[in-house]
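Enquirer: Pasting protein_38.txt below, which is compact mmCIF, C-alpha atoms and all ligand atoms.
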```txt
# COMPACT_ATOMS: atom_id res chain seq x y z
CA MET A 108 0.00 0.00 0.00
CA LEU A 109 1.10 3.54 -0.75
CA ASN A 110 1.02 4.71 2.87
CA ASP A 111 0.64 3.37 6.41
CA PHE A 112 -2.99 4.36 6.80
CA LEU A 113 -4.28 2.22 3.89
CA GLU A 114 -5.21 -1.38 4.56
CA ASP A 115 -6.91 -4.25 2.74
CA ARG A 116 -9.37 -5.95 5.11
CA GLY A 117 -10.80 -8.98 3.33
CA GLY A 118 -10.94 -7.28 -0.04
CA LEU A 119 -12.38 -4.02 1.33
CA LEU A 120 -10.02 -1.08 1.32
CA HIS A 121 -9.79 0.80 4.61
CA PHE A 122 -8.21 4.20 5.30
CA ASP A 123 -7.44 5.33 8.86
CA GLY A 124 -9.55 2.40 10.05
CA CYS A 125 -12.64 3.34 7.99
CA ASP A 126 -14.33 1.14 5.39
CA LEU A 127 -14.24 3.16 2.17
CA VAL A 128 -17.07 1.31 0.42
CA ALA A 129 -19.36 1.98 3.40
CA LEU A 130 -18.39 5.68 3.41
CA ALA A 131 -19.09 5.98 -0.32
CA ARG A 132 -22.48 4.35 0.18
CA GLU A 133 -23.41 6.60 3.09
CA HIS A 134 -22.09 9.94 1.83
CA GLY A 135 -22.10 9.56 -1.96
CA THR A 136 -19.24 10.28 -4.36
CA PRO A 137 -17.05 12.01 -5.30
CA LEU A 138 -15.96 12.19 -1.70
CA TYR A 139 -12.83 13.68 -0.17
CA LEU A 140 -11.43 11.90 2.86
CA MET A 141 -8.79 13.38 5.16
CA SER A 142 -7.06 11.22 7.74
CA GLU A 143 -6.54 13.15 10.94
CA SER A 144 -4.21 10.40 12.17
CA SER A 145 -1.98 10.95 9.14
CA ILE A 146 -1.88 14.72 9.70
CA ARG A 147 -1.12 14.16 13.40
CA ALA A 148 1.73 11.81 12.45
CA ARG A 149 3.22 14.57 10.29
CA LEU A 150 2.78 17.08 13.11
CA SER A 151 4.75 14.86 15.46
CA GLU A 152 7.47 14.32 12.86
CA LEU A 153 7.63 18.10 12.45
CA ARG A 154 7.98 18.50 16.20
CA LEU A 155 10.57 15.74 16.67
CA SER A 156 12.75 16.47 13.68
CA PHE A 157 12.57 20.25 13.56
CA LEU A 158 10.78 22.25 16.25
CA ASP A 159 12.21 20.36 19.23
CA ARG A 160 15.63 19.84 17.66
CA HIS A 161 16.59 23.49 17.19
CA GLU A 162 16.38 26.75 19.13
CA ASN A 163 14.53 29.76 17.77
CA VAL A 164 12.70 28.08 14.90
CA SER A 165 9.06 28.15 13.75
CA ALA A 166 6.95 26.21 11.29
CA ALA A 167 4.13 27.88 9.38
CA TYR A 168 1.54 25.61 7.81
CA ALA A 169 0.98 26.81 4.22
CA SER A 170 -2.78 26.56 4.37
CA LYS A 171 -3.41 27.06 0.65
CA ALA A 172 -2.57 23.34 0.36
CA PHE A 173 -5.67 22.44 2.36
CA GLN A 174 -7.76 24.88 4.32
CA THR A 175 -10.88 24.10 6.32
CA LEU A 176 -11.94 25.53 9.66
CA ASP A 177 -11.17 22.08 11.07
CA ILE A 178 -7.52 22.08 10.11
CA LEU A 179 -7.10 25.72 11.08
CA GLY A 180 -8.30 24.73 14.55
CA LEU A 181 -5.86 21.84 14.69
CA VAL A 182 -2.90 23.97 13.57
CA ARG A 183 -3.91 26.68 16.07
CA ASP A 184 -4.01 24.14 18.92
CA GLU A 185 -0.64 22.71 17.90
CA GLY A 186 0.89 26.16 18.30
CA LEU A 187 2.17 26.37 14.73
CA CYS A 188 2.32 29.51 12.62
CA LEU A 189 0.12 29.87 9.54
CA ASP A 190 0.62 31.05 5.95
CA VAL A 191 -2.27 32.70 4.16
CA VAL A 192 -2.31 34.19 0.67
CA SER A 193 -5.65 35.99 0.47
CA GLY A 194 -8.31 37.88 2.38
CA GLY A 195 -10.47 34.75 2.24
CA GLU A 196 -7.86 32.54 3.88
CA LEU A 197 -7.21 35.25 6.45
CA PHE A 198 -10.94 35.59 7.17
CA ALA A 199 -11.21 31.86 7.85
CA ALA A 200 -8.18 31.98 10.16
CA ALA A 201 -9.77 34.86 12.08
CA LYS A 202 -13.03 32.86 12.34
CA VAL A 203 -11.31 30.12 14.32
CA GLY A 204 -9.55 32.67 16.49
CA PHE A 205 -6.12 31.92 15.06
CA PRO A 206 -3.59 34.08 16.97
CA MET A 207 -2.83 36.73 14.37
CA GLU A 208 0.73 37.36 15.53
CA ARG A 209 1.50 33.84 14.23
CA VAL A 210 0.20 34.57 10.71
CA PHE A 211 2.34 35.24 7.60
CA PHE A 212 0.47 36.92 4.75
CA HIS A 213 1.93 36.05 1.33
CA GLY A 214 1.01 36.89 -2.26
CA ASN A 215 2.31 38.75 -5.28
CA ALA A 216 -0.79 40.88 -5.95
CA LYS A 217 -2.46 41.61 -2.62
CA THR A 218 -5.18 44.22 -2.86
CA GLY A 219 -5.35 47.38 -0.77
CA ALA A 220 -8.42 45.97 0.98
CA GLU A 221 -6.54 42.79 1.88
CA LEU A 222 -3.56 44.76 3.20
CA ALA A 223 -5.86 46.93 5.31
CA MET A 224 -7.61 43.84 6.66
CA ALA A 225 -4.27 42.26 7.58
CA VAL A 226 -3.05 45.41 9.35
CA ASP A 227 -6.36 45.77 11.22
CA LEU A 228 -6.30 42.15 12.34
CA GLY A 229 -2.70 42.48 13.56
CA VAL A 230 -1.10 39.90 11.25
CA GLY A 231 2.39 39.10 12.54
CA ARG A 232 4.25 39.34 9.23
CA ILE A 233 3.18 40.63 5.85
CA VAL A 234 5.55 39.20 3.26
CA VAL A 235 6.00 42.05 0.81
CA ASP A 236 6.52 41.03 -2.81
CA ASN A 237 6.92 44.27 -4.77
CA SER A 238 7.28 48.04 -4.52
CA SER A 239 3.62 48.82 -5.23
CA GLU A 240 2.69 46.72 -2.24
CA LEU A 241 5.39 48.31 -0.08
CA GLN A 242 4.13 51.83 -0.82
CA ALA A 243 0.48 50.90 -0.34
CA LEU A 244 1.14 49.09 2.93
CA ASP A 245 3.18 51.96 4.34
CA SER A 246 0.32 54.42 3.71
CA ILE A 247 -2.33 52.04 5.05
CA ALA A 248 -0.40 51.41 8.26
CA ARG A 249 0.50 55.07 8.79
CA ALA A 250 -3.12 56.11 8.27
CA ARG A 251 -3.97 53.80 11.18
CA GLY A 252 -1.08 54.89 13.35
CA ARG A 253 0.38 51.40 13.09
CA VAL A 254 3.78 49.95 12.28
CA GLN A 255 3.39 46.70 10.34
CA PRO A 256 6.17 44.10 10.65
CA ILE A 257 7.18 42.83 7.20
CA LEU A 258 9.51 40.42 5.45
CA PHE A 259 10.67 40.86 1.87
CA ARG A 260 10.11 37.97 -0.46
CA VAL A 261 13.27 37.55 -2.48
CA THR A 262 14.12 35.37 -5.49
CA PRO A 263 17.46 33.77 -4.80
CA GLY A 264 17.85 32.90 -8.50
CA VAL A 265 17.87 29.17 -7.86
CA ASP A 266 16.17 26.69 -10.14
CA SER A 267 14.52 23.97 -8.07
CA HIS A 268 14.26 21.53 -11.01
CA THR A 269 10.62 20.78 -10.37
CA HIS A 270 7.74 21.27 -12.81
CA GLN A 271 7.81 24.78 -14.30
CA LYS A 272 4.36 25.58 -12.91
CA ILE A 273 5.48 24.89 -9.35
CA SER A 274 8.94 26.43 -9.61
CA THR A 275 9.10 29.83 -7.95
CA GLY A 276 12.71 30.73 -7.20
CA THR A 277 14.15 31.78 -10.56
CA ILE A 278 15.13 35.39 -11.33
CA ASP A 279 12.26 35.91 -13.79
CA SER A 280 9.65 34.43 -11.42
CA LYS A 281 6.45 36.39 -10.89
CA PHE A 282 7.14 36.04 -7.16
CA GLY A 283 9.51 38.15 -5.14
CA ILE A 284 12.24 40.73 -5.47
CA PRO A 285 15.35 39.92 -7.52
CA LEU A 286 18.51 40.09 -5.45
CA ASP A 287 20.35 42.14 -8.04
CA ARG A 288 21.97 44.87 -5.95
CA SER A 289 20.55 47.73 -8.02
CA VAL A 290 17.02 46.45 -7.38
CA ARG A 291 17.17 45.31 -3.79
CA ASP A 292 19.05 48.38 -2.59
CA GLY A 293 16.02 50.48 -3.41
CA TYR A 294 13.69 48.19 -1.50
CA ILE A 295 15.73 47.92 1.64
CA LYS A 296 16.52 51.63 1.87
CA ALA A 297 12.88 52.48 1.23
CA ALA A 298 11.58 50.09 3.89
CA LEU A 299 14.12 51.24 6.49
CA GLY A 300 13.02 54.83 5.92
CA MET A 301 9.28 54.19 6.19
CA GLY A 302 7.20 54.97 9.26
CA GLY A 303 4.45 52.43 8.54
CA VAL A 304 6.50 49.27 8.17
CA SER A 305 9.22 47.57 10.16
CA LEU A 306 11.49 45.25 8.17
CA LYS A 307 12.13 42.02 10.11
CA GLY A 308 13.91 39.91 7.52
CA PHE A 309 13.56 37.89 4.33
CA HIS A 310 11.62 35.07 2.84
CA PHE A 311 12.16 32.75 -0.11
CA HIS A 312 10.27 29.75 -1.42
CA ILE A 313 11.90 28.03 -4.33
CA GLY A 314 9.48 25.37 -5.51
CA SER A 315 7.30 22.46 -4.59
CA GLN A 316 7.36 18.65 -4.47
CA LEU A 317 11.15 18.61 -4.01
CA PHE A 318 13.01 15.40 -3.17
CA ASP A 319 16.43 17.01 -3.12
CA ARG A 320 17.79 19.62 -0.69
CA GLY A 321 20.42 21.03 -3.06
CA SER A 322 18.38 24.02 -4.22
CA HIS A 323 17.45 24.99 -0.67
CA LEU A 324 21.10 24.83 0.38
CA LEU A 325 22.17 27.02 -2.53
CA ALA A 326 19.43 29.51 -1.73
CA ILE A 327 20.46 29.55 1.94
CA GLY A 328 24.01 30.55 0.99
CA ILE A 329 22.66 33.38 -1.13
CA ALA A 330 20.30 34.54 1.62
CA LEU A 331 23.08 34.57 4.24
CA ASP A 332 25.24 36.70 1.95
CA LEU A 333 22.27 39.07 1.74
CA LEU A 334 22.02 39.21 5.55
CA ALA A 335 25.73 39.95 5.84
CA GLU A 336 25.51 42.71 3.22
CA CYS A 337 22.47 44.22 4.93
CA ARG A 338 24.35 44.49 8.19
CA ARG A 339 27.43 45.95 6.49
CA ASP A 340 25.63 48.36 4.14
CA TYR A 341 22.65 49.51 6.22
CA GLY A 342 23.36 48.33 9.74
CA PHE A 343 20.22 46.24 9.42
CA ILE A 344 20.09 43.00 11.42
CA ALA A 345 17.47 40.51 10.24
CA GLU A 346 15.40 38.82 12.94
CA ASP A 347 13.72 36.30 10.61
CA LEU A 348 14.86 34.09 7.77
CA ASN A 349 11.91 32.25 6.24
CA ILE A 350 13.12 29.50 3.92
CA GLY A 351 9.78 28.31 2.55
CA GLY A 352 8.31 24.87 1.99
CA GLY A 353 8.28 22.49 -0.93
CA PHE A 354 9.04 19.19 0.85
CA GLY A 355 7.97 16.33 -1.42
CA VAL A 356 5.41 13.58 -0.83
CA ARG A 357 4.55 10.18 -2.29
CA TYR A 358 2.05 10.15 -5.14
CA ILE A 359 3.11 6.97 -6.93
CA GLU A 360 4.93 3.80 -5.89
CA SER A 361 8.20 4.91 -7.43
CA ASP A 362 8.25 8.16 -5.40
CA HIS A 363 10.55 7.88 -2.40
CA PRO A 364 10.43 11.24 -0.64
CA PRO A 365 13.06 11.67 2.07
CA PRO A 366 12.00 12.39 5.67
CA LEU A 367 11.68 16.02 6.72
CA ALA A 368 14.94 15.86 8.67
CA TYR A 369 16.85 15.14 5.44
CA PHE A 370 16.01 18.72 4.47
CA THR A 371 15.91 20.49 7.80
CA ASP A 372 19.04 18.99 9.42
CA ALA A 373 21.18 20.05 6.47
CA MET A 374 19.46 23.41 6.19
CA MET A 375 19.97 24.23 9.87
CA GLU A 376 23.58 23.06 9.69
CA ALA A 377 24.14 25.31 6.66
CA ILE A 378 22.50 28.26 8.40
CA ASP A 379 24.36 27.77 11.69
CA SER A 380 27.76 27.38 10.09
CA GLY A 381 27.03 30.04 7.44
CA CYS A 382 26.10 32.54 10.14
CA SER A 383 29.18 31.93 12.20
CA GLU A 384 31.44 32.18 9.13
CA ARG A 385 29.92 35.59 8.42
CA GLY A 386 29.90 36.67 12.06
CA LEU A 387 26.12 36.91 12.10
CA SER A 388 23.93 35.91 14.99
CA ARG A 389 21.47 33.38 13.67
CA PRO A 390 17.98 34.78 12.94
CA ARG A 391 14.79 32.86 13.73
CA VAL A 392 14.41 30.23 11.00
CA ILE A 393 10.91 29.56 9.66
CA ILE A 394 9.89 26.68 7.38
CA GLU A 395 6.56 26.49 5.58
CA PRO A 396 5.38 22.94 4.92
CA GLY A 397 2.14 22.77 2.95
CA ARG A 398 1.81 19.68 0.77
CA TRP A 399 4.04 17.67 3.14
CA MET A 400 1.59 18.12 6.02
CA VAL A 401 -1.59 17.01 4.28
CA ALA A 402 -1.13 15.43 0.84
CA GLU A 403 -0.82 11.81 1.94
CA ALA A 404 -3.68 12.30 4.42
CA GLY A 405 -6.12 12.55 1.49
CA VAL A 406 -8.02 9.92 -0.48
CA THR A 407 -10.75 10.71 -3.02
CA LEU A 408 -13.52 8.22 -3.74
CA TYR A 409 -15.35 8.03 -7.08
CA THR A 410 -18.02 5.75 -8.49
CA VAL A 411 -17.33 4.15 -11.85
CA THR A 412 -20.14 5.32 -14.14
CA SER A 413 -19.03 4.14 -17.58
CA ILE A 414 -16.66 1.75 -19.33
CA LYS A 415 -15.65 2.27 -22.93
CA ASP A 416 -13.49 -0.27 -24.74
CA ILE A 417 -11.90 1.08 -27.91
CA PRO A 418 -10.60 -2.15 -29.49
CA GLY A 419 -6.87 -2.11 -30.11
CA GLN A 420 -6.61 1.36 -28.52
CA LYS A 421 -7.54 1.71 -24.90
CA LYS A 422 -10.14 1.18 -22.24
CA TRP A 423 -11.66 4.28 -20.68
CA ILE A 424 -13.13 4.11 -17.20
CA GLY A 425 -15.44 7.07 -16.59
CA VAL A 426 -15.95 8.32 -13.02
CA ASP A 427 -18.31 10.83 -11.42
CA GLY A 428 -15.60 13.43 -10.69
CA GLY A 429 -12.46 14.75 -12.36
CA MET A 430 -10.87 18.14 -12.95
CA THR A 431 -13.49 19.81 -10.75
CA ASP A 432 -12.14 18.00 -7.67
CA ASN A 433 -8.59 17.37 -8.93
CA ILE A 434 -7.11 19.90 -11.35
CA ARG A 435 -3.52 18.68 -10.95
CA PRO A 436 -3.39 16.13 -13.81
CA SER A 437 -4.68 18.69 -16.31
CA MET A 438 -2.61 21.54 -14.86
CA TYR A 439 0.75 19.80 -14.51
CA GLU A 440 0.50 16.21 -15.65
CA ALA A 441 0.44 15.03 -12.06
CA ARG A 442 0.37 11.26 -11.61
CA TYR A 443 -1.60 9.19 -9.12
CA GLU A 444 -2.12 5.66 -7.83
CA ALA A 445 -5.57 4.21 -7.27
CA LEU A 446 -7.34 0.98 -6.30
CA LEU A 447 -10.87 -0.33 -6.48
CA ALA A 448 -11.99 -0.04 -2.86
CA ASN A 449 -14.47 -2.91 -3.23
CA LYS A 450 -11.90 -5.19 -4.92
CA ALA A 451 -8.79 -4.38 -2.91
CA GLY A 452 -7.60 -7.99 -2.90
CA THR A 453 -8.39 -8.84 -6.54
CA PRO A 454 -5.32 -9.28 -8.76
CA ARG A 455 -4.74 -6.38 -11.13
CA SER A 456 -5.02 -7.55 -14.68
CA GLN A 457 -5.85 -4.77 -17.16
CA THR A 458 -4.46 -1.38 -18.12
CA VAL A 459 -7.07 1.38 -18.25
CA ASP A 460 -7.30 5.18 -18.37
CA ILE A 461 -9.49 6.99 -15.85
CA ALA A 462 -11.58 9.71 -17.48
CA GLY A 463 -13.02 12.62 -15.53
CA ARG A 464 -16.57 13.69 -16.24
CA CYS A 465 -15.95 17.21 -17.54
CA CYS A 466 -16.26 18.38 -21.12
CA GLU A 467 -12.53 18.72 -21.73
CA SER A 468 -10.42 16.11 -23.49
CA GLY A 469 -7.70 16.96 -20.98
CA ASP A 470 -9.87 15.89 -18.05
CA VAL A 471 -8.12 12.57 -17.52
CA LEU A 472 -7.35 11.66 -13.91
CA ILE A 473 -4.95 8.76 -14.49
CA ARG A 474 -3.40 7.41 -17.68
CA GLY A 475 -2.32 3.78 -17.99
CA ILE A 476 -3.14 2.36 -14.57
CA ILE A 477 -3.41 -1.38 -13.96
CA LEU A 478 -6.62 -2.37 -12.15
CA PRO A 479 -8.64 -5.55 -11.55
CA PRO A 480 -11.57 -6.09 -13.96
CA VAL A 481 -13.67 -2.92 -13.60
CA GLU A 482 -17.48 -2.81 -13.51
CA GLU A 483 -19.98 0.03 -13.30
CA GLY A 484 -20.62 0.87 -9.66
CA ASP A 485 -17.11 -0.01 -8.48
CA ILE A 486 -15.61 2.49 -6.03
CA LEU A 487 -12.31 3.95 -7.21
CA ALA A 488 -10.03 5.28 -4.45
CA VAL A 489 -7.35 7.73 -5.62
CA PHE A 490 -4.50 8.35 -3.18
CA THR A 491 -2.48 11.37 -2.01
CA THR A 492 -5.25 13.85 -2.73
CA GLY A 493 -4.97 15.89 0.48
CA ALA A 494 -3.07 18.90 -0.89
CA TYR A 495 -4.21 21.28 -3.64
CA HIS A 496 -7.42 19.36 -4.32
CA HIS A 497 -10.22 20.63 -2.06
CA THR A 498 -8.72 24.13 -2.16
CA MET A 499 -8.51 24.09 -5.98
CA ALA A 500 -11.97 22.63 -6.60
CA SER A 501 -14.23 24.35 -9.12
CA ASN A 502 -17.81 24.26 -10.33
CA TYR A 503 -16.98 23.78 -14.00
CA ASN A 504 -19.94 22.19 -15.78
CA ARG A 505 -21.95 23.11 -12.65
CA VAL A 506 -20.63 20.08 -10.86
CA PRO A 507 -21.30 20.53 -7.12
CA ARG A 508 -18.15 20.43 -5.03
CA ALA A 509 -17.56 17.20 -3.12
CA ALA A 510 -18.20 16.62 0.57
CA LEU A 511 -15.20 16.14 2.84
CA LEU A 512 -14.95 13.76 5.79
CA SER A 513 -12.38 13.82 8.52
CA LEU A 514 -11.34 10.28 9.52
CA ARG A 515 -9.71 9.13 12.71
CA GLU A 516 -9.12 5.54 13.78
CA GLY A 517 -12.31 4.09 12.39
CA THR A 518 -14.62 7.08 12.88
CA ALA A 519 -15.67 9.49 10.17
CA ARG A 520 -16.97 13.00 10.78
CA LEU A 521 -18.46 15.37 8.21
CA SER A 522 -16.11 18.34 7.85
CA VAL A 523 -17.51 20.02 4.69
CA ARG A 524 -20.95 19.13 3.35
CA ARG A 525 -21.55 18.43 -0.33
CA GLU A 526 -22.59 21.43 -2.41
CA THR A 527 -26.20 21.36 -3.58
CA TYR A 528 -27.66 22.45 -6.91
CA GLU A 529 -29.31 25.33 -5.00
CA ASP A 530 -25.85 26.40 -3.75
CA LEU A 531 -24.73 26.55 -7.37
CA ILE A 532 -27.23 29.26 -8.32
CA ALA A 533 -27.47 31.01 -4.95
CA ARG A 534 -25.32 34.00 -5.98
CA GLU A 535 -27.07 34.72 -9.25
CA ALA A 536 -29.43 37.59 -9.87
CA PHE A 537 -32.30 36.50 -12.13
CA PRO A 538 -35.01 39.11 -12.62
C1 LIG A 601 2.77 27.27 -1.49
C2 LIG A 601 3.75 27.83 -0.57
C3 LIG A 601 4.32 27.02 0.41
C4 LIG A 601 4.03 25.55 0.54
O1 LIG A 601 4.48 24.82 -0.53
P1 LIG A 601 4.40 23.23 -0.46
O2 LIG A 601 5.06 22.77 -1.68
O3 LIG A 601 2.96 22.87 -0.41
O4 LIG A 601 5.12 22.81 0.77
C5 LIG A 601 5.20 27.60 1.29
N1 LIG A 601 5.50 28.91 1.21
C6 LIG A 601 4.96 29.72 0.29
C7 LIG A 601 5.30 31.14 0.26
C8 LIG A 601 4.08 29.21 -0.64
O5 LIG A 601 3.56 30.02 -1.56
```
Please rewrite the model in this file as structure tokens.
Ligand SMILES: *Cc1c(COP(=O)(O)O)cnc(C)c1O
Expert:
Amino acid sequence: MLNDFLEDRGGLLHFDGCDLVALAREHGTPLYLMSESSIRARLSELRLSFLDRHENVSAAYASKAFQTLDILGLVRDEGLCLDVVSGGELFAAAKVGFPMERVFFHGNAKTGAELAMAVDLGVGRIVVDNSSELQALDSIARARGRVQPILFRVTPGVDSHTHQKISTGTIDSKFGIPLDRSVRDGYIKAALGMGGVSLKGFHFHIGSQLFDRGSHLLAIGIALDLLAECRRDYGFIAEDLNIGGGFGVRYIESDHPPPLAYFTDAMMEAIDSGCSERGLSRPRVIIEPGRWMVAEAGVTLYTVTSIKDIPGQKKWIGVDGGMTDNIRPSMYEARYEALLANKAGTPRSQTVDIAGRCCESGDVLIRGIILPPVEEGDILAVFTTGAYHHTMASNYNRVPRAALLSLREGTARLSVRRETYEDLIAREAFP
């Protein structure tokens, strides 16, 4: 099985102790499942291998990977920090009473209204991406008699060798401030002279689904040079160095992501030794795991609705979901493993393609997967769907968004109800 929380019990696939066929029958499909036990296992790994192993470090959960009020409550109770990237994500965090001083507000095109909301709520760090934002934020904060703590998002100019659509650290990236001296000089001098903002340090995030620490280590060297130059040139001492997320997870059998400590031990060693070589006192180090925290905690269930054999070509298996609940295959050719939950013990004998239900030829969930003989009504379980699925869901073709259950050791609890047809038209004015 792909992860420790999946189990074949007499031919019936179970996840976190719950019978998936029974859940599909009771709640309908498509159905998102999130294993709380899996998320808690990641939280304890995070604690053991990072938070408890080093002084003056923080971890911010990048909630765009998976955000519900439920998980915000869990992350709040665990004492972690939180990344948000929009007014909507910030609103939800405020709803659960998330301590705002532990929030980092990211984004390359924040609106004035979002900046004002963040300042009013007392967000701990706004991560400033560009000069328009810097100017706007300074005026907003001054108008309120406030001084907003900020970090600058910088692009270390490192290629993380991941898919282009999830690579974010190169010089021409839409994210962040290039470290070219002529550019960054202007930013740092401006921020240090402003009454509405207080520069606390720097942030970079170089990509996602990384299995190798090399790019992070390169970027760390570049960031430490920046800290040393800031002290020399402006007398500015950074309190925070936020080194982003991107830690990889297992989607398919051949993925072998390293443990978190593979990244963080080497990163902390590089930061500690790099600081002492440069005579810097080490800033607080923040990491931002998103996908790593939740991806493997997710399973999506579908019902097989159609089977189409094109002789000599391929066999299509049609399911009742697709790009509306999982955009990743169409957006970046993401690959997945799946099983028939009601035939978990049946030998796999035929290669099929899993077609989503939307009116797009590109809506194909899985190409070339080997399954047991498939029949209409079978329950297909797709694995590692916890990150960037629920949060990226759409209503294309007016498909209602799926319900989401939170599982823990054999019990299932409704976390997000299924959207209704009435929900789909609720916002529309129709004279
Ligand atoms: C998306 C994002 C993350 C999390 O990325 P993962 O690959 O999900 O770990 C962390 N930091 C920032 C700034 C991000 O935009």
Enquirer: Where does chain A meet ligand LIG 601 (chain A) within 8 Å, residue by residue, with the nearest atom pair and distance in Å to one decimal for each, counting only C-alpha atoms and all ligand atoms, listed by chain and rising number, as CSV?
Expert:
```
residue,atom,partner,partner_atom,distance
A:Tyr168,CA,A:LIG601,C4,7.7
A:Ala169,CA,A:LIG601,C4,4.9
A:Ser170,CA,A:LIG601,C4,7.9
A:Lys171,CA,A:LIG601,C1,6.5
A:Ala172,CA,A:LIG601,O3,5.6
A:Asp190,CA,A:LIG601,N1,7.1
A:Val192,CA,A:LIG601,O5,7.5
A:His213,CA,A:LIG601,C7,6.1
A:Gly214,CA,A:LIG601,O5,7.4
A:Ile273,CA,A:LIG601,O2,8.0
A:His310,CA,A:LIG601,C7,7.9
A:Phe311,CA,A:LIG601,C7,7.1
A:His312,CA,A:LIG601,C7,5.4
A:Gly314,CA,A:LIG601,O2,6.4
A:Ser315,CA,A:LIG601,O2,3.7
A:Gln316,CA,A:LIG601,O2,5.5
A:Leu317,CA,A:LIG601,O2,7.7
A:Gly351,CA,A:LIG601,N1,4.5
A:Gly352,CA,A:LIG601,O4,4.0
A:Gly353,CA,A:LIG601,O2,3.3
A:Phe354,CA,A:LIG601,O4,5.3
A:Gly355,CA,A:LIG601,O2,7.1
A:Ile394,CA,A:LIG601,C5,7.7
A:Glu395,CA,A:LIG601,C5,4.6
A:Pro396,CA,A:LIG601,O4,4.2
A:Gly397,CA,A:LIG601,O3,3.5
A:Arg398,CA,A:LIG601,O3,3.6
A:Trp399,CA,A:LIG601,O4,5.8
A:Met400,CA,A:LIG601,O4,7.9
A:Ala494,CA,A:LIG601,O3,7.2
```
Enquirer: May I have the residues within 8 Å of segment 231-248 of chain A as a PyMOL selection string, using only C-alpha atoms and disregarding those fewer than 6 positions away in the same chain?
Expert: chain A and resi 207-217+219+222-223+225+254-261+282-284+294+298+301-304+310
Enquirer: From the options A:Thr407, A:Pro454, A:Leu447, A:Gly194, which residue's atoms come nearest to Ala220 of chain A, counting all atoms listed in the file?
Expert: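 Smallest separation from Ala220 of chain A among the options: A:Gly194.
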Enquirer: In Å, with one decimal, what is the gap from atom CA of Leu325 of chain A to atom CA of Ser361 of chain A?
Expert: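 So the two atoms, atom CA of Leu325 of chain A and atom CA of Ser361 of chain A, lie 26.6 Å apart.
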Enquirer: Within 12 Å of (28.9, 28.9, 4.9) in the file's own coordinates, which protein, DNA or RNA residues have an atom, counting only C-alpha atoms? List them as number ranges by chain.
Expert: A: 324-332, 335, 373-387
Enquirer: Have a look at atom CA of Leu511 of chain A and atom CA of Val203 of chain A and let me know their distance in Å, one decimal.
Expert: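 Computed distance, atom CA of Leu511 of chain A to atom CA of Val203 of chain A, equals 18.5 Å.
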Enquirer: I'd like the interatomic distance between atom CA of Val426 of chain A and atom CA of Ile461 of chain A, to a tenth of an Å.
Expert: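 Separating atom CA of Val426 of chain A from atom CA of Ile461 of chain A is a distance of 7.2 Å.
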